[in-house]
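Asks: To be precise about what I am sending: the file is called coords33.csv and holds CSV, C-alpha atoms.
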```
chain,number,residue,atom,x,y,z
A,1,MET,CA,14.8,-1.6,-11.7
A,2,THR,CA,16.2,-3.8,-9.0
A,3,ALA,CA,15.9,-3.1,-5.3
A,4,ASP,CA,19.5,-2.1,-5.1
A,5,ILE,CA,19.0,0.5,-7.9
A,6,TYR,CA,16.0,1.9,-6.1
A,7,LEU,CA,17.9,2.2,-2.8
A,8,LYS,CA,20.7,4.1,-4.6
A,9,LYS,CA,18.1,6.4,-6.2
A,10,ILE,CA,16.5,7.1,-2.8
A,11,GLU,CA,19.8,7.7,-1.1
A,12,ASP,CA,21.2,9.9,-3.8
A,13,ASP,CA,18.5,11.7,-5.8
A,14,TYR,CA,15.8,12.0,-3.1
A,15,LYS,CA,17.9,11.9,0.1
A,16,GLN,CA,16.7,15.1,1.7
A,17,ARG,CA,13.0,14.2,1.3
A,18,PHE,CA,13.4,10.7,2.6
A,19,GLU,CA,15.5,12.0,5.5
A,20,GLU,CA,12.7,14.4,6.5
A,21,PHE,CA,10.2,11.5,6.2
A,22,LYS,CA,12.4,9.3,8.4
A,23,ASN,CA,12.6,11.9,11.1
A,24,ILE,CA,8.8,12.5,11.2
A,25,LEU,CA,8.3,8.7,11.3
A,26,LEU,CA,10.7,8.2,14.2
A,27,ASN,CA,9.3,11.2,16.1
A,28,TYR,CA,5.7,9.9,15.9
A,29,ASN,CA,6.9,6.3,16.5
A,30,ASN,CA,7.7,7.2,20.1
A,31,LYS,CA,4.0,7.9,20.7
A,32,PHE,CA,2.1,5.8,18.2
A,33,ASN,CA,4.2,2.7,17.7
A,34,LEU,CA,4.1,2.9,13.9
A,35,THR,CA,7.0,0.5,13.2
A,36,ALA,CA,9.3,-1.9,15.1
A,37,ILE,CA,12.1,-1.0,12.7
A,38,THR,CA,14.0,2.0,14.0
A,39,ASP,CA,17.6,2.0,12.8
A,40,GLU,CA,18.3,4.1,9.8
A,41,LYS,CA,19.7,1.4,7.5
A,42,SER,CA,16.7,-0.9,8.0
A,43,ILE,CA,14.2,1.9,7.5
A,44,TYR,CA,15.8,2.7,4.2
A,45,ILE,CA,15.8,-0.9,3.1
A,46,LYS,CA,12.7,-2.5,4.6
A,47,HIS,CA,10.4,0.5,4.3
A,48,PHE,CA,11.6,3.0,1.7
A,49,CYS,CA,13.3,0.7,-0.8
A,50,ASP,CA,10.7,-2.1,-0.5
A,51,SER,CA,7.9,0.5,-1.1
A,52,ALA,CA,9.7,1.8,-4.2
A,53,VAL,CA,10.1,-1.5,-5.9
A,54,GLY,CA,6.5,-1.7,-7.1
A,55,GLU,CA,6.6,1.8,-8.7
A,56,GLY,CA,6.5,0.4,-12.3
A,57,TYR,CA,3.0,-1.1,-11.8
A,58,PHE,CA,1.4,2.3,-11.3
A,59,PRO,CA,0.3,3.9,-14.6
A,60,GLU,CA,0.9,7.6,-15.0
A,61,ASN,CA,-1.5,9.9,-13.2
A,62,SER,CA,-3.2,6.9,-11.5
A,63,GLU,CA,-5.8,7.5,-8.7
A,64,VAL,CA,-4.5,5.2,-6.0
A,65,VAL,CA,-6.1,4.0,-2.8
A,66,GLU,CA,-4.0,2.5,0.0
A,67,ILE,CA,-5.6,0.2,2.6
A,68,GLY,CA,-4.3,0.3,6.2
A,69,SER,CA,-1.8,3.0,5.6
A,70,GLY,CA,-0.3,2.9,9.1
A,71,GLY,CA,3.2,4.4,8.8
A,72,GLY,CA,2.6,5.4,5.2
A,73,PHE,CA,4.1,2.4,3.3
A,74,PRO,CA,4.2,2.1,0.4
A,75,SER,CA,2.2,5.3,-0.3
A,76,ILE,CA,4.5,8.0,0.9
A,77,PRO,CA,7.8,6.7,-0.7
A,78,LEU,CA,5.8,6.1,-3.9
A,79,LYS,CA,4.5,9.7,-3.8
A,80,ILE,CA,7.9,11.1,-3.2
A,81,LEU,CA,9.2,9.3,-6.3
A,82,ARG,CA,6.1,9.7,-8.4
A,83,GLU,CA,4.5,13.2,-8.0
A,84,ASP,CA,2.0,12.3,-10.8
A,85,LEU,CA,0.2,9.7,-8.5
A,86,LYS,CA,-2.9,10.8,-6.6
A,87,PHE,CA,-3.4,9.0,-3.3
A,88,THR,CA,-6.3,8.3,-0.9
A,89,LEU,CA,-4.9,6.8,2.3
A,90,ILE,CA,-7.5,4.8,4.2
A,91,GLU,CA,-6.6,4.3,7.9
A,92,SER,CA,-9.0,3.3,10.7
A,93,THR,CA,-6.9,4.6,13.6
A,94,GLY,CA,-7.4,8.3,14.2
A,95,LYS,CA,-3.9,8.9,15.7
A,96,LYS,CA,-2.2,7.3,12.7
A,97,CYS,CA,-4.4,9.6,10.5
A,98,ALA,CA,-3.1,12.6,12.4
A,99,TYR,CA,0.5,11.4,11.7
A,100,LEU,CA,-0.2,10.8,8.0
A,101,ASN,CA,-1.7,14.3,7.7
A,102,ASP,CA,1.4,15.8,9.3
A,103,VAL,CA,3.6,13.9,6.9
A,104,VAL,CA,1.5,15.2,3.9
A,105,ASP,CA,1.7,18.7,5.3
A,106,LYS,CA,5.4,18.8,6.1
A,107,LEU,CA,6.5,17.1,2.9
A,108,LYS,CA,4.2,19.3,0.9
A,109,LEU,CA,2.7,16.4,-0.9
A,110,ASN,CA,0.0,17.4,-3.4
A,111,CYS,CA,-3.1,15.3,-4.2
A,112,VAL,CA,-2.9,13.1,-1.1
A,113,GLN,CA,-6.1,12.6,1.0
A,114,VAL,CA,-6.1,10.9,4.4
A,115,LEU,CA,-9.4,9.1,5.1
A,116,ASN,CA,-10.2,7.9,8.7
A,117,ALA,CA,-12.3,4.9,7.8
A,118,ARG,CA,-12.5,1.2,7.7
A,119,ALA,CA,-11.7,-0.4,4.4
A,120,GLU,CA,-14.9,-2.5,4.4
A,121,ASP,CA,-17.0,0.7,4.9
A,122,ALA,CA,-15.2,2.6,2.1
A,123,GLY,CA,-15.7,-0.4,-0.2
A,124,LYS,CA,-19.5,0.0,0.2
A,125,ASP,CA,-19.4,3.8,-0.2
A,126,LYS,CA,-20.5,5.0,-3.7
A,127,ASN,CA,-17.8,7.8,-3.4
A,128,TYR,CA,-15.0,5.2,-3.3
A,129,ARG,CA,-16.4,1.9,-4.6
A,130,GLU,CA,-14.8,1.0,-8.0
A,131,LYS,CA,-13.4,4.5,-8.3
A,132,PHE,CA,-9.6,3.8,-8.3
A,133,ASP,CA,-7.1,2.8,-10.9
A,134,VAL,CA,-4.9,1.0,-8.4
A,135,ALA,CA,-5.4,-0.3,-4.8
A,136,VAL,CA,-2.3,-1.1,-2.8
A,137,ALA,CA,-1.7,-2.6,0.6
A,138,ARG,CA,1.4,-3.8,2.6
A,139,ALA,CA,1.4,-6.2,5.5
A,140,VAL,CA,-2.3,-5.8,6.4
A,141,ALA,CA,-3.8,-9.3,6.2
A,142,ARG,CA,-3.7,-12.5,4.3
A,143,LEU,CA,-4.2,-12.2,0.6
A,144,ASN,CA,-7.8,-13.6,0.5
A,145,THR,CA,-8.9,-11.2,3.2
A,146,LEU,CA,-6.9,-8.3,1.7
A,147,SER,CA,-8.5,-9.0,-1.7
A,148,GLU,CA,-12.0,-8.5,-0.2
A,149,TYR,CA,-10.9,-5.1,1.3
A,150,CYS,CA,-9.2,-3.9,-1.8
A,151,LEU,CA,-10.8,-5.2,-5.0
A,152,PRO,CA,-14.2,-3.5,-4.4
A,153,LEU,CA,-12.4,-0.2,-4.5
A,154,VAL,CA,-10.8,-0.8,-7.9
A,155,LYS,CA,-12.5,0.1,-11.2
A,156,VAL,CA,-12.7,-2.6,-13.9
A,157,GLY,CA,-9.4,-2.6,-15.8
A,158,GLY,CA,-7.5,-1.4,-12.8
A,159,ARG,CA,-5.1,-3.3,-10.5
A,160,PHE,CA,-4.7,-4.4,-6.9
A,161,ILE,CA,-1.1,-4.6,-5.8
A,162,ALA,CA,-0.2,-6.5,-2.6
A,163,TYR,CA,3.2,-6.2,-1.1
A,164,LYS,CA,4.0,-9.5,0.6
A,165,GLY,CA,6.8,-11.7,1.9
A,166,ASP,CA,7.4,-15.2,0.7
A,167,CYS,CA,3.7,-16.0,0.1
A,168,GLY,CA,3.2,-18.9,-2.3
A,169,GLU,CA,0.7,-20.6,0.1
A,170,GLU,CA,-1.3,-17.4,0.5
A,171,ILE,CA,-1.6,-17.0,-3.3
A,172,GLU,CA,-3.0,-20.5,-3.7
A,173,GLU,CA,-5.4,-19.9,-0.8
A,174,ALA,CA,-6.6,-16.7,-2.3
A,175,LEU,CA,-7.4,-17.9,-5.9
A,176,LYS,CA,-11.1,-18.4,-5.3
A,177,ALA,CA,-11.5,-15.1,-3.4
A,178,VAL,CA,-9.7,-13.2,-6.2
A,179,LYS,CA,-12.0,-14.7,-8.9
A,180,VAL,CA,-15.2,-14.2,-6.8
A,181,LEU,CA,-14.3,-10.6,-6.3
A,182,GLY,CA,-13.8,-9.9,-10.0
A,183,GLY,CA,-10.1,-10.2,-10.3
A,184,GLU,CA,-7.4,-12.5,-11.8
A,185,ILE,CA,-3.7,-12.7,-10.9
A,186,GLU,CA,-1.8,-10.9,-13.5
A,187,LYS,CA,1.8,-11.3,-12.2
A,188,VAL,CA,3.7,-12.5,-9.2
A,189,GLU,CA,7.1,-10.8,-8.9
A,190,SER,CA,9.6,-12.0,-6.3
A,191,TYR,CA,12.7,-9.9,-5.4
A,192,LEU,CA,15.4,-9.6,-2.8
A,193,LEU,CA,15.9,-6.5,-0.7
A,194,PRO,CA,19.6,-5.4,-0.4
A,195,ASP,CA,19.7,-7.1,3.0
A,196,GLY,CA,18.7,-10.4,1.4
A,197,GLU,CA,15.1,-10.6,2.6
A,198,LYS,CA,12.8,-12.2,0.0
A,199,ARG,CA,9.7,-10.1,-0.9
A,200,THR,CA,6.8,-10.6,-3.4
A,201,LEU,CA,4.6,-8.3,-5.3
A,202,VAL,CA,1.2,-9.8,-6.2
A,203,VAL,CA,-0.4,-7.9,-9.1
A,204,ILE,CA,-4.2,-8.6,-9.5
A,205,LYS,CA,-6.1,-7.3,-12.5
A,206,LYS,CA,-9.7,-6.2,-12.0
A,207,THR,CA,-11.6,-7.9,-14.8
A,208,ALA,CA,-15.2,-7.7,-13.7
A,209,HIS,CA,-17.4,-5.8,-11.3
A,210,THR,CA,-17.3,-6.9,-7.7
A,211,PRO,CA,-20.6,-8.5,-6.6
A,212,VAL,CA,-22.6,-6.0,-4.5
A,213,LYS,CA,-22.5,-8.2,-1.3
A,214,TYR,CA,-18.7,-7.7,-1.0
A,215,PRO,CA,-17.1,-6.5,1.2
A,216,ARG,CA,-19.3,-8.2,3.7
A,217,GLY,CA,-18.3,-6.1,6.8
A,218,GLN,CA,-18.7,-6.9,10.5
A,219,GLY,CA,-15.2,-8.5,10.5
A,220,LYS,CA,-16.3,-11.3,8.2
A,221,GLU,CA,-13.4,-10.6,5.8
A,222,ARG,CA,-11.0,-11.8,8.5
A,223,LYS,CA,-13.1,-14.2,10.5
A,224,SER,CA,-14.6,-16.1,7.5
A,225,PRO,CA,-12.4,-15.3,4.5
A,226,ILE,CA,-13.5,-16.5,1.1
A,227,VAL,CA,-11.9,-20.0,0.5
```
Rewrite the structure from the file as structure tokens, please.
Replies:
Amino acid sequence: MTADIYLKKIEDDYKQRFEEFKNILLNYNNKFNLTAITDEKSIYIKHFCDSAVGEGYFPENSEVVEIGSGGGFPSIPLKILREDLKFTLIESTGKKCAYLNDVVDKLKLNCVQVLNARAEDAGKDKNYREKFDVAVARAVARLNTLSEYCLPLVKVGGRFIAYKGDCGEEIEEALKAVKVLGGEIEKVESYLLPDGEKRTLVVIKKTAHTPVKYPRGQGKERKSPIV
């Protein structure tokens, strides 16, 4: 489906639930600064619609981990549209975790767990390492850094899906990191949001186990990314 069709689906078929989510987001945003986007039209396009576009890359009943959940994008819109998906939302900021837990509670979302942790710590934890069918992240870091956060959490045969803007340079920069971490780029899908903004989905297949040294931790993923 195109972004326009997803927007129509959100506004028509799921309007009540997305309205409730929008209201919770804006209420918490006054305290926690979750998003700079605050007008209704832009929230629906840049947050809700953009999150929904990747829906087709999530196999049925997938166990999904989201890194740096923040305001809950793309996880919460995807969960509203796809009740079959099971989510673990990893967020390092306690206040944002409180917000996410309130969203889960008020929207009555089943099979959604909020984990107050750093991605690099979760990636070394045997309870989470290589346990997920899909890892997803949106606007967290450059792709090489993001791959080191996410790929260790994905089981072999699974996927890491990165929501990006216009990111051709980032993809080239990340090729070595993706390979070292046990992945290969499966697909790059560019699309336009209804307001004309260009967006990209980078779909990375996990083809081999991630070497035990990754993620390195202590901020090395950002300070010294694999290049």
Asks: In the coordinates of the file, take the point (9.3, -10.3, -8.6) and a cut-off of 9 Å; then, counting only C-alpha atoms, name each qualifying protein, DNA or RNA residue as a list in words.
Replies: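 Protein and nucleic acid residues near the point are Lys187, Val188, Glu189, Ser190, Tyr191, Leu192, Arg199, Thr200, Leu201 and Val202 of chain A.
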Asks: What's the 12 Å shell around Asp105 (chain A), counting all atoms listed in the file, without same-chain residues fewer than 5 positions away, as a list in words?
Replies: Glu20, Phe21, Ile24, Ile76, Ala98, Tyr99, Leu100, Asn110, Cys111, Val112, Gln113 and Val114 of chain A
Asks: Can you tell me how far CA of Leu85 (chain A) sits from CA of Pro59 (chain A), in Å to one decimal?
Replies: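 Atom-to-atom, CA of Leu85 (chain A) to CA of Pro59 (chain A), that is 8.4 Å.
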Asks: Which one is closest to Val103 (chain A): A:Tyr128, A:Tyr44, A:Phe18, A:Tyr149? Count all atoms listed in the file.
Replies: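 Closest residue, counting all atoms listed in the file: A:Phe18.
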Asks: Quote the spacing between CA of Asp84 (chain A) and CA of Ala208 (chain A) in Å to one decimal place.
Replies: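 The value is 26.5 Å.
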Asks: If you measure from CA of Gly54 (chain A) to CA of Pro74 (chain A), what distance in Å do you get, rounded to one decimal?
Replies: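 Distance reported for this atom pair: 8.7 Å.
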Asks: Please list as a ChimeraX atom specification every residue within 12 Å of Asn127 (chain A), counting only C-alpha atoms and excluding residues in the same chain fewer than 5 positions away.
Replies: /A:88,121-122,132,152-154
Asks: Using all atoms listed in the file, which residue out of A:Phe160, A:Val212, A:Val227, A:Cys150 lies closest to Lys126 (chain A)?
Replies: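 Residue with the minimum atom-to-atom distance to Lys126 (chain A): A:Val212.
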Asks: Nearest to Lys79 (chain A): which of A:Lys8, A:Arg129, A:Arg17, A:Lys41 is it, counting only C-alpha atoms?
Replies: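 Nearest candidate to Lys79 (chain A) out of A:Lys8, A:Arg129, A:Arg17, A:Lys41: A:Arg17.
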Asks: Can you pull out the residues contacting Lys15 (chain A)? Cut-off 12 Å, using all atoms listed in the file, and skip same-chain residues under 4 positions away; I want them as a CSV table (one decimal) with C-alpha atoms, in the coordinates of the input.
Replies:
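This went into result-v6.csv:
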```csv
chain,number,residue,atom,x,y,z
A,6,TYR,CA,16.0,1.9,-6.1
A,7,LEU,CA,17.9,2.2,-2.8
A,8,LYS,CA,20.7,4.1,-4.6
A,9,LYS,CA,18.1,6.4,-6.2
A,10,ILE,CA,16.5,7.1,-2.8
A,11,GLU,CA,19.8,7.7,-1.1
A,19,GLU,CA,15.5,12.0,5.5
A,20,GLU,CA,12.7,14.4,6.5
A,21,PHE,CA,10.2,11.5,6.2
A,22,LYS,CA,12.4,9.3,8.4
A,44,TYR,CA,15.8,2.7,4.2
A,48,PHE,CA,11.6,3.0,1.7
A,77,PRO,CA,7.8,6.7,-0.7
A,80,ILE,CA,7.9,11.1,-3.2
A,81,LEU,CA,9.2,9.3,-6.3
```
Asks: Under the rule that all atoms listed in the file are counted, which of A:Leu193, A:Leu78, A:Ala177, A:Leu107 is the nearest residue to Thr2 (chain A)?
Replies: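 Among the listed residues, A:Leu193 lies closest to Thr2 (chain A).
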Asks: Under the rule that only C-alpha atoms are counted, which of A:Ser75, A:Ser62, A:Thr93, A:Gln218 is the nearest residue to Phe32 (chain A)?
Replies: A:Thr93
Asks: Which polymer residues, whether protein, DNA or RNA, lie within 10 Å of the coordinate (-15.5, -19.9, 0.3) when you count only C-alpha atoms? List them as a PyMOL selection string, using the chain letters and numbers from the file.
Replies: chain A and resi 144+174+176-177+180+224-227
Asks: For Arg138 (chain A), which of A:Glu197, A:Glu172, A:Ala162, A:Glu184 is the closest residue, counting only C-alpha atoms?
Replies: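 Ranking A:Glu197, A:Glu172, A:Ala162, A:Glu184 by distance to Arg138 (chain A), first place goes to A:Ala162.
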Asks: Hey, could you pull the box centre and edge lengths for region 83-90 of chain A, axis-aligned, 3 Å padding per side, all listed atoms, to one decimal in Å, as lines of an AutoDock Vina configuration file?
Replies:
```
center_x = -1.5
center_y = 9.0
center_z = -3.3
size_x = 18.0
size_y = 14.4
size_z = 21.0
```
